[in-house]
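What's in target-v3.txt: compact mmCIF, N, CA and C atoms
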# COMPACT_ATOMS: atom_id res chain seq x y z
N MET S 1 -31.06 5.88 24.35
CA MET S 1 -29.74 5.66 23.80
C MET S 1 -28.84 5.06 24.88
N THR S 2 -28.16 3.98 24.54
CA THR S 2 -27.32 3.32 25.53
C THR S 2 -25.93 3.93 25.54
N THR S 3 -25.16 3.58 26.57
CA THR S 3 -23.80 4.07 26.70
C THR S 3 -22.92 3.57 25.56
N ASN S 4 -23.22 2.42 25.01
CA ASN S 4 -22.42 1.84 23.95
C ASN S 4 -22.74 2.38 22.57
N ALA S 5 -23.76 3.20 22.44
CA ALA S 5 -24.17 3.70 21.13
C ALA S 5 -23.05 4.43 20.39
N PRO S 6 -22.28 5.32 21.05
CA PRO S 6 -21.20 5.98 20.31
C PRO S 6 -20.17 4.99 19.77
N PHE S 7 -19.90 3.94 20.54
CA PHE S 7 -18.93 2.95 20.11
C PHE S 7 -19.49 2.09 18.97
N ALA S 8 -20.79 1.81 19.03
CA ALA S 8 -21.42 1.05 17.94
C ALA S 8 -21.40 1.87 16.65
N ASP S 9 -21.68 3.17 16.78
CA ASP S 9 -21.62 4.05 15.61
C ASP S 9 -20.21 4.13 15.05
N LEU S 10 -19.25 4.22 15.96
CA LEU S 10 -17.85 4.30 15.55
C LEU S 10 -17.41 3.00 14.88
N ALA S 11 -17.84 1.88 15.42
CA ALA S 11 -17.50 0.58 14.82
C ALA S 11 -18.10 0.47 13.42
N ALA S 12 -19.33 0.94 13.26
CA ALA S 12 -19.97 0.90 11.94
C ALA S 12 -19.23 1.81 10.96
N LYS S 13 -18.80 2.98 11.44
CA LYS S 13 -18.03 3.89 10.58
C LYS S 13 -16.70 3.26 10.19
N ALA S 14 -16.06 2.62 11.16
CA ALA S 14 -14.77 1.95 10.88
C ALA S 14 -14.94 0.85 9.85
N ARG S 15 -16.02 0.10 9.93
CA ARG S 15 -16.29 -0.95 8.93
C ARG S 15 -16.50 -0.34 7.55
N ARG S 16 -17.27 0.75 7.49
CA ARG S 16 -17.51 1.41 6.20
C ARG S 16 -16.20 1.91 5.59
N VAL S 17 -15.38 2.52 6.41
CA VAL S 17 -14.10 3.03 5.91
C VAL S 17 -13.22 1.87 5.45
N HIS S 18 -13.14 0.84 6.25
CA HIS S 18 -12.34 -0.34 5.88
C HIS S 18 -12.82 -0.93 4.55
N ASP S 19 -14.12 -1.11 4.43
CA ASP S 19 -14.68 -1.67 3.20
C ASP S 19 -14.37 -0.78 2.00
N ALA S 20 -14.47 0.53 2.19
CA ALA S 20 -14.18 1.46 1.10
C ALA S 20 -12.71 1.42 0.72
N VAL S 21 -11.83 1.32 1.71
CA VAL S 21 -10.39 1.27 1.42
C VAL S 21 -10.03 0.00 0.66
N THR S 22 -10.71 -1.11 0.96
CA THR S 22 -10.40 -2.35 0.23
C THR S 22 -10.78 -2.25 -1.24
N LEU S 23 -11.63 -1.31 -1.58
CA LEU S 23 -12.04 -1.13 -2.98
C LEU S 23 -11.19 -0.10 -3.72
N VAL S 24 -10.31 0.58 -3.01
CA VAL S 24 -9.47 1.61 -3.63
C VAL S 24 -8.56 0.99 -4.68
N ARG S 25 -8.44 1.69 -5.80
CA ARG S 25 -7.50 1.29 -6.85
C ARG S 25 -6.81 2.55 -7.34
N GLY S 26 -5.50 2.44 -7.52
CA GLY S 26 -4.72 3.51 -8.13
C GLY S 26 -4.29 3.03 -9.50
N ARG S 27 -4.37 3.92 -10.49
CA ARG S 27 -4.00 3.54 -11.86
C ARG S 27 -3.03 4.55 -12.42
N ALA S 28 -2.10 4.05 -13.23
CA ALA S 28 -1.15 4.93 -13.89
C ALA S 28 -0.72 4.30 -15.20
N ARG S 29 -0.34 5.18 -16.14
CA ARG S 29 0.17 4.74 -17.44
C ARG S 29 1.52 5.40 -17.64
N SER S 30 2.46 4.66 -18.17
CA SER S 30 3.80 5.21 -18.41
C SER S 30 3.72 6.32 -19.44
N ALA S 31 4.74 7.18 -19.44
CA ALA S 31 4.77 8.32 -20.35
C ALA S 31 4.71 7.88 -21.81
N ASP S 32 5.33 6.73 -22.12
CA ASP S 32 5.33 6.25 -23.51
C ASP S 32 4.11 5.40 -23.84
N GLY S 33 3.27 5.15 -22.83
CA GLY S 33 2.04 4.39 -23.05
C GLY S 33 2.20 2.89 -23.12
N HIS S 34 3.41 2.39 -22.92
CA HIS S 34 3.66 0.95 -23.03
C HIS S 34 3.27 0.16 -21.78
N VAL S 35 3.17 0.83 -20.63
CA VAL S 35 2.91 0.14 -19.36
C VAL S 35 1.71 0.80 -18.68
N THR S 36 0.77 -0.01 -18.24
CA THR S 36 -0.36 0.45 -17.44
C THR S 36 -0.44 -0.45 -16.21
N ILE S 37 -0.55 0.16 -15.04
CA ILE S 37 -0.59 -0.60 -13.78
C ILE S 37 -1.75 -0.11 -12.94
N GLU S 38 -2.42 -1.08 -12.30
CA GLU S 38 -3.45 -0.80 -11.31
C GLU S 38 -3.01 -1.48 -10.02
N VAL S 39 -3.14 -0.76 -8.90
CA VAL S 39 -2.77 -1.30 -7.59
C VAL S 39 -3.91 -1.10 -6.60
N ASP S 40 -3.89 -1.88 -5.52
CA ASP S 40 -4.85 -1.68 -4.44
C ASP S 40 -4.26 -0.69 -3.44
N ALA S 41 -4.95 -0.45 -2.36
CA ALA S 41 -4.52 0.54 -1.37
C ALA S 41 -3.19 0.19 -0.72
N ALA S 42 -2.84 -1.08 -0.71
CA ALA S 42 -1.57 -1.51 -0.13
C ALA S 42 -0.43 -1.47 -1.14
N GLY S 43 -0.74 -1.12 -2.39
CA GLY S 43 0.29 -1.06 -3.42
C GLY S 43 0.51 -2.35 -4.17
N HIS S 44 -0.31 -3.36 -3.88
CA HIS S 44 -0.18 -4.63 -4.59
C HIS S 44 -0.77 -4.49 -6.00
N ILE S 45 -0.04 -4.99 -6.96
CA ILE S 45 -0.50 -4.89 -8.35
C ILE S 45 -1.72 -5.77 -8.54
N THR S 46 -2.80 -5.17 -9.04
CA THR S 46 -4.03 -5.92 -9.33
C THR S 46 -4.22 -6.10 -10.83
N ALA S 47 -3.56 -5.27 -11.62
CA ALA S 47 -3.61 -5.40 -13.08
C ALA S 47 -2.35 -4.77 -13.66
N LEU S 48 -1.78 -5.44 -14.65
CA LEU S 48 -0.57 -4.96 -15.31
C LEU S 48 -0.71 -5.24 -16.79
N THR S 49 -0.53 -4.19 -17.59
CA THR S 49 -0.57 -4.35 -19.04
C THR S 49 0.71 -3.79 -19.61
N ILE S 50 1.37 -4.59 -20.42
CA ILE S 50 2.58 -4.18 -21.12
C ILE S 50 2.34 -4.45 -22.60
N THR S 51 2.54 -3.44 -23.42
CA THR S 51 2.29 -3.61 -24.85
C THR S 51 3.29 -4.59 -25.46
N ASP S 52 2.91 -5.18 -26.56
CA ASP S 52 3.79 -6.13 -27.25
C ASP S 52 5.10 -5.49 -27.68
N SER S 53 5.06 -4.22 -27.99
CA SER S 53 6.25 -3.54 -28.49
C SER S 53 7.09 -2.88 -27.40
N ALA S 54 6.71 -3.01 -26.15
CA ALA S 54 7.38 -2.31 -25.06
C ALA S 54 8.86 -2.64 -24.97
N LEU S 55 9.22 -3.88 -25.06
CA LEU S 55 10.62 -4.28 -24.92
C LEU S 55 11.45 -3.83 -26.11
N SER S 56 10.91 -4.02 -27.30
CA SER S 56 11.68 -3.65 -28.50
C SER S 56 11.75 -2.14 -28.71
N ALA S 57 10.80 -1.40 -28.16
CA ALA S 57 10.77 0.05 -28.37
C ALA S 57 11.95 0.75 -27.71
N ASN S 58 12.25 0.39 -26.47
CA ASN S 58 13.28 1.13 -25.72
C ASN S 58 14.29 0.24 -25.01
N GLY S 59 14.13 -1.06 -25.05
CA GLY S 59 15.05 -1.96 -24.37
C GLY S 59 14.59 -2.34 -22.98
N ALA S 60 15.27 -3.34 -22.43
CA ALA S 60 14.88 -3.91 -21.14
C ALA S 60 15.02 -2.91 -19.98
N ALA S 61 16.11 -2.16 -19.96
CA ALA S 61 16.32 -1.22 -18.86
C ALA S 61 15.23 -0.15 -18.84
N ALA S 62 14.87 0.36 -20.00
CA ALA S 62 13.82 1.38 -20.07
C ALA S 62 12.47 0.79 -19.67
N LEU S 63 12.21 -0.44 -20.08
CA LEU S 63 10.95 -1.08 -19.69
C LEU S 63 10.89 -1.28 -18.18
N ALA S 64 11.99 -1.73 -17.60
CA ALA S 64 12.03 -1.91 -16.14
C ALA S 64 11.79 -0.59 -15.43
N ALA S 65 12.41 0.47 -15.91
CA ALA S 65 12.23 1.79 -15.31
C ALA S 65 10.78 2.26 -15.47
N ALA S 66 10.19 1.99 -16.63
CA ALA S 66 8.80 2.38 -16.86
C ALA S 66 7.86 1.65 -15.90
N VAL S 67 8.11 0.36 -15.70
CA VAL S 67 7.28 -0.42 -14.78
C VAL S 67 7.42 0.14 -13.36
N THR S 68 8.64 0.39 -12.94
CA THR S 68 8.89 0.91 -11.59
C THR S 68 8.24 2.28 -11.39
N ASP S 69 8.46 3.18 -12.34
CA ASP S 69 7.89 4.53 -12.23
C ASP S 69 6.37 4.51 -12.27
N THR S 70 5.82 3.69 -13.14
CA THR S 70 4.36 3.61 -13.26
C THR S 70 3.75 3.01 -12.01
N HIS S 71 4.41 2.01 -11.45
CA HIS S 71 3.95 1.41 -10.19
C HIS S 71 3.96 2.45 -9.08
N ARG S 72 5.02 3.24 -9.01
CA ARG S 72 5.12 4.27 -7.98
C ARG S 72 3.99 5.29 -8.12
N GLU S 73 3.69 5.69 -9.35
CA GLU S 73 2.60 6.66 -9.58
C GLU S 73 1.24 6.07 -9.18
N ALA S 74 1.01 4.82 -9.54
CA ALA S 74 -0.26 4.17 -9.18
C ALA S 74 -0.38 4.06 -7.66
N CYS S 75 0.71 3.72 -7.00
CA CYS S 75 0.71 3.61 -5.53
C CYS S 75 0.40 4.95 -4.88
N ALA S 76 0.97 6.02 -5.42
CA ALA S 76 0.72 7.35 -4.86
C ALA S 76 -0.76 7.72 -4.99
N GLU S 77 -1.34 7.40 -6.14
CA GLU S 77 -2.77 7.69 -6.34
C GLU S 77 -3.63 6.90 -5.36
N ALA S 78 -3.33 5.61 -5.21
CA ALA S 78 -4.11 4.77 -4.30
C ALA S 78 -3.93 5.22 -2.86
N ALA S 79 -2.71 5.57 -2.48
CA ALA S 79 -2.45 6.01 -1.10
C ALA S 79 -3.21 7.30 -0.81
N HIS S 80 -3.24 8.21 -1.76
CA HIS S 80 -3.96 9.47 -1.57
C HIS S 80 -5.45 9.22 -1.38
N GLU S 81 -6.02 8.36 -2.22
CA GLU S 81 -7.45 8.06 -2.12
C GLU S 81 -7.78 7.34 -0.81
N ALA S 82 -6.92 6.37 -0.43
CA ALA S 82 -7.16 5.63 0.82
C ALA S 82 -7.05 6.55 2.03
N GLN S 83 -6.09 7.47 2.01
CA GLN S 83 -5.93 8.39 3.14
C GLN S 83 -7.13 9.31 3.27
N ALA S 84 -7.68 9.73 2.15
CA ALA S 84 -8.88 10.58 2.20
C ALA S 84 -10.02 9.83 2.87
N LEU S 85 -10.14 8.55 2.60
CA LEU S 85 -11.18 7.74 3.25
C LEU S 85 -10.89 7.57 4.74
N ARG S 86 -9.63 7.31 5.08
CA ARG S 86 -9.27 7.13 6.49
C ARG S 86 -9.44 8.41 7.29
N ASP S 87 -9.26 9.56 6.63
CA ASP S 87 -9.43 10.84 7.32
C ASP S 87 -10.84 10.99 7.88
N GLU S 88 -11.82 10.38 7.21
CA GLU S 88 -13.19 10.41 7.72
C GLU S 88 -13.25 9.80 9.11
N LEU S 89 -12.50 8.73 9.31
CA LEU S 89 -12.50 8.05 10.60
C LEU S 89 -11.65 8.81 11.61
N THR S 90 -10.46 9.22 11.21
CA THR S 90 -9.57 9.86 12.17
C THR S 90 -10.02 11.26 12.57
N SER S 91 -10.93 11.86 11.79
CA SER S 91 -11.45 13.17 12.16
C SER S 91 -12.57 13.08 13.20
N ASP S 92 -13.03 11.87 13.48
CA ASP S 92 -14.07 11.69 14.49
C ASP S 92 -13.50 12.07 15.86
N PRO S 93 -14.20 12.89 16.63
CA PRO S 93 -13.68 13.34 17.93
C PRO S 93 -13.35 12.18 18.89
N LEU S 94 -14.16 11.14 18.88
CA LEU S 94 -13.90 10.00 19.77
C LEU S 94 -12.60 9.30 19.38
N VAL S 95 -12.39 9.13 18.08
CA VAL S 95 -11.16 8.50 17.60
C VAL S 95 -9.96 9.37 17.94
N SER S 96 -10.09 10.67 17.75
CA SER S 96 -9.00 11.60 18.08
C SER S 96 -8.63 11.50 19.56
N LYS S 97 -9.65 11.39 20.40
CA LYS S 97 -9.40 11.27 21.84
C LYS S 97 -8.65 9.99 22.16
N VAL S 98 -9.09 8.88 21.58
CA VAL S 98 -8.44 7.59 21.83
C VAL S 98 -7.00 7.60 21.31
N ILE S 99 -6.81 8.14 20.10
CA ILE S 99 -5.45 8.22 19.54
C ILE S 99 -4.56 9.06 20.43
N GLY S 100 -5.09 10.17 20.93
CA GLY S 100 -4.33 11.02 21.84
C GLY S 100 -3.93 10.30 23.12
N GLU S 101 -4.87 9.55 23.68
CA GLU S 101 -4.57 8.81 24.91
C GLU S 101 -3.57 7.70 24.65
N LEU S 102 -3.71 7.00 23.53
CA LEU S 102 -2.76 5.93 23.21
C LEU S 102 -1.39 6.50 22.93
N GLY S 103 -1.35 7.64 22.25
CA GLY S 103 -0.07 8.26 21.94
C GLY S 103 0.69 8.65 23.20
N ALA S 104 -0.04 9.08 24.22
CA ALA S 104 0.60 9.48 25.47
C ALA S 104 1.17 8.28 26.21
N GLU S 105 0.59 7.11 25.98
CA GLU S 105 1.03 5.91 26.67
C GLU S 105 2.00 5.07 25.86
N ALA S 106 2.19 5.42 24.61
CA ALA S 106 3.03 4.61 23.73
C ALA S 106 4.48 4.65 24.19
N THR S 107 5.13 3.52 24.03
CA THR S 107 6.55 3.44 24.35
C THR S 107 7.30 3.03 23.09
N THR S 108 8.54 3.38 23.05
CA THR S 108 9.36 3.04 21.90
C THR S 108 9.89 1.62 22.07
N VAL S 109 9.75 0.83 21.04
CA VAL S 109 10.25 -0.53 21.05
C VAL S 109 11.55 -0.54 20.27
N THR S 110 12.60 -1.01 20.89
CA THR S 110 13.88 -1.11 20.19
C THR S 110 14.15 -2.57 19.89
N ARG S 111 14.70 -2.78 18.72
CA ARG S 111 15.04 -4.13 18.30
C ARG S 111 16.55 -4.23 18.14
N PRO S 112 17.09 -5.39 18.45
CA PRO S 112 18.53 -5.54 18.23
C PRO S 112 18.82 -5.50 16.74
N PRO S 113 20.00 -5.03 16.37
CA PRO S 113 20.32 -4.98 14.94
C PRO S 113 20.34 -6.39 14.35
N ALA S 114 19.89 -6.48 13.12
CA ALA S 114 19.87 -7.77 12.44
C ALA S 114 21.30 -8.20 12.13
N GLU S 115 21.51 -9.50 12.19
CA GLU S 115 22.83 -10.01 11.84
C GLU S 115 23.04 -9.84 10.34
N PRO S 116 24.25 -9.50 9.94
CA PRO S 116 24.48 -9.37 8.50
C PRO S 116 24.27 -10.72 7.82
N ALA S 117 23.61 -10.68 6.70
CA ALA S 117 23.34 -11.90 5.94
C ALA S 117 23.60 -11.62 4.47
N HIS S 118 23.85 -12.67 3.76
CA HIS S 118 24.04 -12.54 2.32
C HIS S 118 22.73 -12.05 1.71
N GLU S 119 22.83 -11.16 0.76
CA GLU S 119 21.64 -10.63 0.10
C GLU S 119 20.77 -11.76 -0.44
N ASP S 120 19.50 -11.73 -0.13
CA ASP S 120 18.52 -12.70 -0.60
C ASP S 120 18.76 -14.11 -0.07
N GLU S 121 19.57 -14.26 0.97
CA GLU S 121 19.90 -15.59 1.49
C GLU S 121 18.66 -16.37 1.91
N ASP S 122 17.77 -15.74 2.66
CA ASP S 122 16.57 -16.43 3.11
C ASP S 122 15.68 -16.81 1.94
N TYR S 123 15.62 -15.94 0.96
CA TYR S 123 14.78 -16.21 -0.21
C TYR S 123 15.26 -17.45 -0.95
N TYR S 124 16.56 -17.52 -1.16
CA TYR S 124 17.10 -18.67 -1.88
C TYR S 124 17.03 -19.94 -1.02
N ARG S 125 17.20 -19.76 0.28
CA ARG S 125 17.16 -20.92 1.17
C ARG S 125 15.77 -21.55 1.20
N SER S 126 14.75 -20.77 0.87
CA SER S 126 13.38 -21.28 0.92
C SER S 126 13.16 -22.40 -0.08
N GLY S 127 14.03 -22.55 -1.05
CA GLY S 127 13.88 -23.63 -2.01
C GLY S 127 13.04 -23.27 -3.21
N PHE S 128 12.48 -22.04 -3.21
CA PHE S 128 11.65 -21.64 -4.35
C PHE S 128 12.50 -21.44 -5.59
N LEU S 129 13.62 -20.77 -5.40
CA LEU S 129 14.56 -20.57 -6.51
C LEU S 129 15.92 -21.10 -6.08
N HIS S 130 16.68 -21.52 -7.00
CA HIS S 130 18.03 -22.00 -6.72
C HIS S 130 19.03 -21.17 -7.49
N ARG S 131 20.16 -20.94 -6.87
CA ARG S 131 21.21 -20.18 -7.55
C ARG S 131 21.77 -21.00 -8.68
N ALA S 132 22.09 -20.31 -9.75
CA ALA S 132 22.63 -20.99 -10.93
C ALA S 132 24.11 -21.26 -10.76
Go ahead and render the structure in this file as structure tokens.
Amino acid sequence: MTTNAPFADLAAKARRVHDAVTLVRGRARSADGHVTIEVDAAGHITALTITDSALSANGAAALAAAVTDTHREACAEAAHEAQALRDELTSDPLVSKVIGELGAEATTVTRPPAEPAHEDEDYYRSGFLHRA
């Protein structure tokens, strides 16, 4: 067994965990059943279903709230599943040791406060959308 074997094993474990996390999906359905959302581990929507009657059933504000709440629930499910997978890696004694050593050496990075800007100014400046 070579000196690098523990690191090779750890790298293989890290790849397995990473690959498994990329497959994580969180799913949720709104209480009224009009909205179903699936997200990946990062919370990006991978599937969205809205029934034909969703808007007329409760109005736009209720539909928006249902989408937001359902997205939040799906994200929580995906985050929980992804964390369970990551725990396999972080529970490894070698990883714990490295994290401990890095934590002792970490420094706080301070950033200057951002200049006040008009809400969504950069977004509109990009030329993708124009103000009416």
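For the pair atom C of Arg86 (chain S) and atom C of Leu102 (chain S), the separation is 17.7 Å.
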**Request:** Could you jot down the atom N of Thr46 (chain S) to atom C of Glu81 (chain S) separation for me, Å, one decimal place?
**Result:**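 The value is 15.8 Å.
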**Message:** Need the shell around Ile37 (chain S): protein/DNA/RNA residues with any atom at most 6 Å away, counting only C-alpha atoms. Skip same-chain ones fewer than 2 positions apart. Format as number ranges by chain?
**Reply:** S: 27-28, 47-48
For the residues in that selection, give me N, CA and C atoms as an mmCIF file, keeping the file's coordinate frame.
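File written: again.cif
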data_model
loop_
_atom_site.group_PDB
_atom_site.id
_atom_site.type_symbol
_atom_site.label_atom_id
_atom_site.label_comp_id
_atom_site.auth_asym_id
_atom_site.auth_seq_id
_atom_site.Cartn_x
_atom_site.Cartn_y
_atom_site.Cartn_z
ATOM 1 N N ARG S 27 -4.370 3.920 -10.490
ATOM 2 C CA ARG S 27 -4.000 3.540 -11.860
ATOM 3 C C ARG S 27 -3.030 4.550 -12.420
ATOM 4 N N ALA S 28 -2.100 4.050 -13.230
ATOM 5 C CA ALA S 28 -1.150 4.930 -13.890
ATOM 6 C C ALA S 28 -0.720 4.300 -15.200
ATOM 7 N N ALA S 47 -3.560 -5.270 -11.620
ATOM 8 C CA ALA S 47 -3.610 -5.400 -13.080
ATOM 9 C C ALA S 47 -2.350 -4.770 -13.660
ATOM 10 N N LEU S 48 -1.780 -5.440 -14.650
ATOM 11 C CA LEU S 48 -0.570 -4.960 -15.310
ATOM 12 C C LEU S 48 -0.710 -5.240 -16.790
#
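Within 7 Å of the point (5.9, 2.7, -20.3) in file coordinates, and counting only C-alpha atoms, lie the residues Arg29, Ser30, Ala31, Asp32, Gly33, His34, Val35, Leu63, Ala66 and Val67 of chain S.
When DSSP is run on the backbone, the residues of region 10-78 of chain S that fall into strand (DSSP E or B) are Arg25, Gly26, Arg27, Ala28, Arg29, Val35, Thr36, Ile37, Glu38, Val39, Asp40, Ile45, Thr46, Ala47, Leu48, Thr49 and Ile50 of chain S.
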**Request:** Report the distance between atom N of Val24 (chain S) and atom C of Ala82 (chain S) in Å, rounded to one decimal place.
**Result:**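 Separation of atom N of Val24 (chain S) and atom C of Ala82 (chain S): 8.5 Å.
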**Request:** Find the spatial neighbours of region 88-93 of chain S, counting only N, CA and C atoms, within a cut-off of 7 Å - ignore same-chain residues fewer than 5 positions away - and output them as a VMD selection string.
**Result:** chain S and resid 13 to 14 17 83 98
**Prompt:** With only C-alpha atoms as the basis for distance, which of S:Ala20, S:Cys75, S:Ile99, S:Leu94 is at the shortest distance from Phe7 (chain S)?
**Reply:**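 Smallest separation from Phe7 (chain S) among the options: S:Leu94.
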**Message:** To test your reading of the structure, identify every residue in region 4-124 of chain S that backbone DSSP assigns to alpha helix (DSSP H), and report it as a ChimeraX atom specification.
**Reply:** /S:5-22,54-58,60-90,93-105,121-124
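Distances to Glu73 (chain S) were evaluated for S:Leu10, S:Gly103, S:His18, S:Gly43 using only C-alpha atoms, and the minimum falls at S:Gly43.
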